[in-house]
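Engineer: Next up is a structure, given as C-alpha cells.
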Amino acid sequence: MSTQRIVFVGVGGQGNLLASNLLGQAALAAGVQVVVSEIHGMAQRGGVVESAVILGEATSPIVSNAEADVLVSFEPVEALRLLPKANKETLIITNTRPMPPFTVAIGAAPYPPPEESVAYLGKKVKKVVAFDGQALAEEAKNPLSLNMVMLGALFGAAELPIDVKTMKKVIRSQTKKRFAASNVKAFDLGFKAAAAA
C-alpha cells in the first residue's frame with residue numbers, strides 16, 4: 001500500500017484531534033500501519049490545532065510542505081493557512097462555516113469571505129470539496145459533531161485503506177455513549193455531502 005498523508009486543521013474546540021485519533025484507531029483495527037501526530041496551538045482559546053495521520057509506511061510523523069495527500073480543514077481560513085502543505089494533486093476538504101480566530105473577533109485582522117477562500121484553494125489544487133459542515137452537524141442533532149461530519153467527508157471523497165464499517169464501529173465504541181448515534185449520523189451526512197461533490 002502506498003503511504004497516505006492526511007492533515008487535519010481546525011480551531012480549538014472543533015474536535016479535530018479526536019477525529020485524527022479515531023482515524024488512527026480505525027487504521028489499527030483494519031491492520032493498516034499508522035502514525036498519528038498532533039501540533040497543539042492554543043486549543044483552549046480558539047487557537048489553531050493541527051494533527052496528521054499517516055497511513056502506510058512512514059519514516060517521520062511530520063508532514064512537510066507539499067507532502068499532504070489530503071487536507072481536512074474544519075474552518076475555511078485554516079485551509080488557506082495550511083496551503084503550503086498541499087501540492088497540485090492534494091485533495092482539500094473544507095467546512096465553509098467561519099469560526100474566526102481571536103484576532104478577527106477583536107477587529108485586529110480582516111476575514112475573507114468563505115467563497116473567496118474556496119475559489120482560491122480551487123486554483124491551487126486539483127479538487128476541493130467544500131460545504132457547510134456545521135449545518136450538517138446541526139442536522140444530526142449534535143452541534144458538536146462537526147469532527148464526525150468532516151471524518152465522514154474524508155471517507156466520502158478520498159480512497160482510504162479502511163472500510164466505512166470499521167470506522168463507524170470505532171466511532172460507536174470510542175465516543176460518549178449518549179452521542180454515539182448522532183456521531184454516526186453526522187459521519188453519514190458528511191460522507192454523502194462529499195461523495196456528491
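We name chains A, B, ... following the order of the C-alpha cells; residues begin at 1 in each chain, and ligands are numbered from 1 as shown.
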Which parts of chain A does DSSP call strand (DSSP E) when run on the backbone here, written out as JSON, numbers by chain?

Structural biologist: {"A": [4, 5, 6, 7, 8, 9, 10, 11, 34, 35, 36, 37, 38, 39, 40, 48, 49, 50, 51, 52, 53, 54, 55, 70, 71, 72, 73, 91, 92, 93, 94, 95, 127, 128, 129, 130, 131]}

Engineer: With C-alpha atoms retained, could you export that selection as a PDB file, in the first residue's frame?

Structural biologist:
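Contents of the output file selection.pdb:
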```pdb
ATOM      1  CA  GLN A   4      -1.170   8.494   2.513  1.00  0.00           C
ATOM      2  CA  ARG A   5      -0.562  11.704   4.437  1.00  0.00           C
ATOM      3  CA  ILE A   6      -3.704  13.317   5.836  1.00  0.00           C
ATOM      4  CA  VAL A   7      -3.562  16.635   7.689  1.00  0.00           C
ATOM      5  CA  PHE A   8      -6.423  17.856   9.884  1.00  0.00           C
ATOM      6  CA  VAL A   9      -6.604  21.504  10.917  1.00  0.00           C
ATOM      7  CA  GLY A  10      -9.124  23.471  12.902  1.00  0.00           C
ATOM      8  CA  VAL A  11      -9.700  25.857  15.749  1.00  0.00           C
ATOM      9  CA  VAL A  34      -0.405   4.287  11.046  1.00  0.00           C
ATOM     10  CA  VAL A  35       1.304   7.217  12.737  1.00  0.00           C
ATOM     11  CA  VAL A  36      -0.754   9.971  14.382  1.00  0.00           C
ATOM     12  CA  SER A  37       0.884  13.244  15.402  1.00  0.00           C
ATOM     13  CA  GLU A  38      -0.537  16.390  16.948  1.00  0.00           C
ATOM     14  CA  ILE A  39       0.531  20.008  16.979  1.00  0.00           C
ATOM     15  CA  HIS A  40      -1.396  21.807  19.676  1.00  0.00           C
ATOM     16  CA  VAL A  48      -5.072  26.663  15.805  1.00  0.00           C
ATOM     17  CA  VAL A  49      -4.948  22.904  16.293  1.00  0.00           C
ATOM     18  CA  GLU A  50      -3.285  20.723  13.678  1.00  0.00           C
ATOM     19  CA  SER A  51      -2.846  16.968  13.513  1.00  0.00           C
ATOM     20  CA  ALA A  52      -1.606  14.471  10.959  1.00  0.00           C
ATOM     21  CA  VAL A  53      -2.451  10.855  10.233  1.00  0.00           C
ATOM     22  CA  ILE A  54      -0.002   8.950   8.060  1.00  0.00           C
ATOM     23  CA  LEU A  55      -1.354   5.673   6.690  1.00  0.00           C
ATOM     24  CA  VAL A  70      -5.428  15.179   1.838  1.00  0.00           C
ATOM     25  CA  LEU A  71      -6.030  18.339   3.843  1.00  0.00           C
ATOM     26  CA  VAL A  72      -9.161  18.308   6.020  1.00  0.00           C
ATOM     27  CA  SER A  73      -9.959  21.780   7.316  1.00  0.00           C
ATOM     28  CA  LEU A  91      -7.467  16.813  -2.131  1.00  0.00           C
ATOM     29  CA  ILE A  92      -8.762  19.604   0.129  1.00  0.00           C
ATOM     30  CA  ILE A  93     -11.945  19.057   2.143  1.00  0.00           C
ATOM     31  CA  THR A  94     -13.147  22.142   3.992  1.00  0.00           C
ATOM     32  CA  ASN A  95     -16.009  23.292   6.134  1.00  0.00           C
ATOM     33  CA  LYS A 127     -10.012  19.042  -6.165  1.00  0.00           C
ATOM     34  CA  VAL A 128     -11.710  20.969  -3.368  1.00  0.00           C
ATOM     35  CA  VAL A 129     -14.740  19.593  -1.536  1.00  0.00           C
ATOM     36  CA  ALA A 130     -16.380  22.490   0.322  1.00  0.00           C
ATOM     37  CA  PHE A 131     -19.670  22.530   2.224  1.00  0.00           C
TER      38      PHE A 131
END
```

Engineer: Do you know which residues are at most 8 Å from Thr166 in chain A counting only C-alpha atoms, after dropping those on the same chain fewer than 3 positions away, and could you put them as a compact mmCIF listing (two decimals) with C-alpha atoms, in the first residue's frame?

Structural biologist:
```txt
# COMPACT_ATOMS: atom_id res chain seq x y z
CA ALA A 26 -9.72 2.56 12.77
CA ALA A 29 -8.36 -2.13 13.61
CA ALA A 30 -8.06 -2.56 9.83
CA ILE A 162 -10.03 1.44 5.85
CA ASP A 163 -13.65 0.46 5.27
CA LYS A 169 -17.51 0.73 14.76
CA VAL A 170 -14.67 2.80 16.24
```

Engineer: Using only C-alpha atoms, find each residue of range 55-151 of chain A with at least one atom at most 12 Å away from an atom of range 173-191 of chain A; report its shortest atom-to-atom pair and that distance in Å (one decimal), sort the rows by chain and rising residue number, and return the result as a Markdown table.

Structural biologist:
```
| residue | atom | partner | partner_atom | distance |
| --- | --- | --- | --- | --- |
| A:Ile93 | CA | A:Gly190 | CA | 10.5 |
| A:Thr94 | CA | A:Gly190 | CA | 11.0 |
| A:Asn95 | CA | A:Gly190 | CA | 10.1 |
| A:Val129 | CA | A:Gly190 | CA | 10.8 |
| A:Ala130 | CA | A:Gly190 | CA | 10.7 |
| A:Phe131 | CA | A:Gly190 | CA | 9.1 |
| A:Asp132 | CA | A:Gly190 | CA | 9.7 |
| A:Gly133 | CA | A:Gly190 | CA | 7.1 |
| A:Gln134 | CA | A:Ala186 | CA | 9.8 |
| A:Ala135 | CA | A:Leu189 | CA | 10.1 |
| A:Leu136 | CA | A:Leu189 | CA | 6.4 |
| A:Ala137 | CA | A:Ala186 | CA | 5.6 |
| A:Glu138 | CA | A:Ala186 | CA | 8.6 |
| A:Glu139 | CA | A:Ala186 | CA | 7.8 |
| A:Ala140 | CA | A:Ala186 | CA | 5.3 |
| A:Lys141 | CA | A:Ser182 | CA | 6.5 |
| A:Asn142 | CA | A:Ser182 | CA | 6.1 |
| A:Pro143 | CA | A:Ala186 | CA | 9.5 |
| A:Leu144 | CA | A:Asn183 | CA | 9.0 |
| A:Ser145 | CA | A:Asn183 | CA | 6.0 |
| A:Leu146 | CA | A:Ala186 | CA | 7.4 |
| A:Asn147 | CA | A:Phe187 | CA | 8.4 |
| A:Met148 | CA | A:Phe187 | CA | 4.8 |
| A:Val149 | CA | A:Gly190 | CA | 4.3 |
| A:Met150 | CA | A:Gly190 | CA | 6.0 |
| A:Leu151 | CA | A:Phe187 | CA | 6.4 |
```

Engineer: Would you work out the distance separating CA of Pro100 in chain A from CA of Ala86 in chain A, expressed in Å to one decimal?

Structural biologist: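 Going from CA of Pro100 in chain A over to CA of Ala86 in chain A, I get 22.1 Å.
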
Engineer: Just list the residues in range 37-98 of chain A DSSP gives alpha helix (DSSP H) on the backbone, as a list in words.

Structural biologist: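 DSSP-assigned alpha helix (DSSP H) residues in range 37-98 of chain A: Pro76, Val77, Glu78, Ala79, Leu80 and Arg81 of chain A.
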
Engineer: Could you tell me which of A:Lys88, A:Ile171, A:Thr59, A:Ala105 comes closest to Gly24 in chain A if we count only C-alpha atoms?

Structural biologist: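 Of all the options, A:Ile171 lies closest to Gly24 in chain A.
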
Engineer: Please identify all polymer residues within 12 Å of Ala119 in chain A, counting only C-alpha atoms, omitting same-chain residues fewer than 2 positions from it, and present them as a VMD selection string.

Structural biologist: chain A and resid 76 to 77 79 to 80 92 94 96 112 to 117 121 to 125 127 to 130

Engineer: Quick one: distance from CA of Ala66 in chain A to CA of Phe102 in chain A in Å, one decimal?

Structural biologist: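 Interatomic distance, CA of Ala66 in chain A to CA of Phe102 in chain A: 27.7 Å.
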
Engineer: Tell me which of A:Gly56, A:Pro110, A:Pro61, A:Gly15 sits closest to Val32 in chain A, counting only C-alpha atoms.

Structural biologist: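 Selected residue with least distance to Val32 in chain A: A:Gly56.
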
Engineer: When you count only C-alpha atoms, which of these residues is closest to Glu67 in chain A: A:Met99, A:Gln25, A:Ile106, A:Thr3?

Structural biologist: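 Comparing A:Met99, A:Gln25, A:Ile106, A:Thr3 against Glu67 in chain A, the winner is A:Thr3.
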
Engineer: So that I can check the surroundings of Gly156 in chain A, please list as a ChimeraX atom specification every protein, DNA and RNA residue that reaches within 7 Å of it, counting only C-alpha atoms and ignoring chain neighbours fewer than 5 positions away.

Structural biologist: /A:191-192,194-195

Engineer: Can I get the selection written as an mmCIF file, in the first residue's frame, with C-alpha atoms?

Structural biologist:
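Result file is part-v1.cif:
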```
data_model
loop_
_atom_site.group_PDB
_atom_site.id
_atom_site.type_symbol
_atom_site.label_atom_id
_atom_site.label_comp_id
_atom_site.auth_asym_id
_atom_site.auth_seq_id
_atom_site.Cartn_x
_atom_site.Cartn_y
_atom_site.Cartn_z
ATOM 1 C CA PHE A 191 -19.937 11.123 3.690
ATOM 2 C CA LYS A 192 -22.954 11.880 1.473
ATOM 3 C CA ALA A 194 -18.508 14.738 -0.044
ATOM 4 C CA ALA A 195 -19.480 11.795 -2.262
#
```
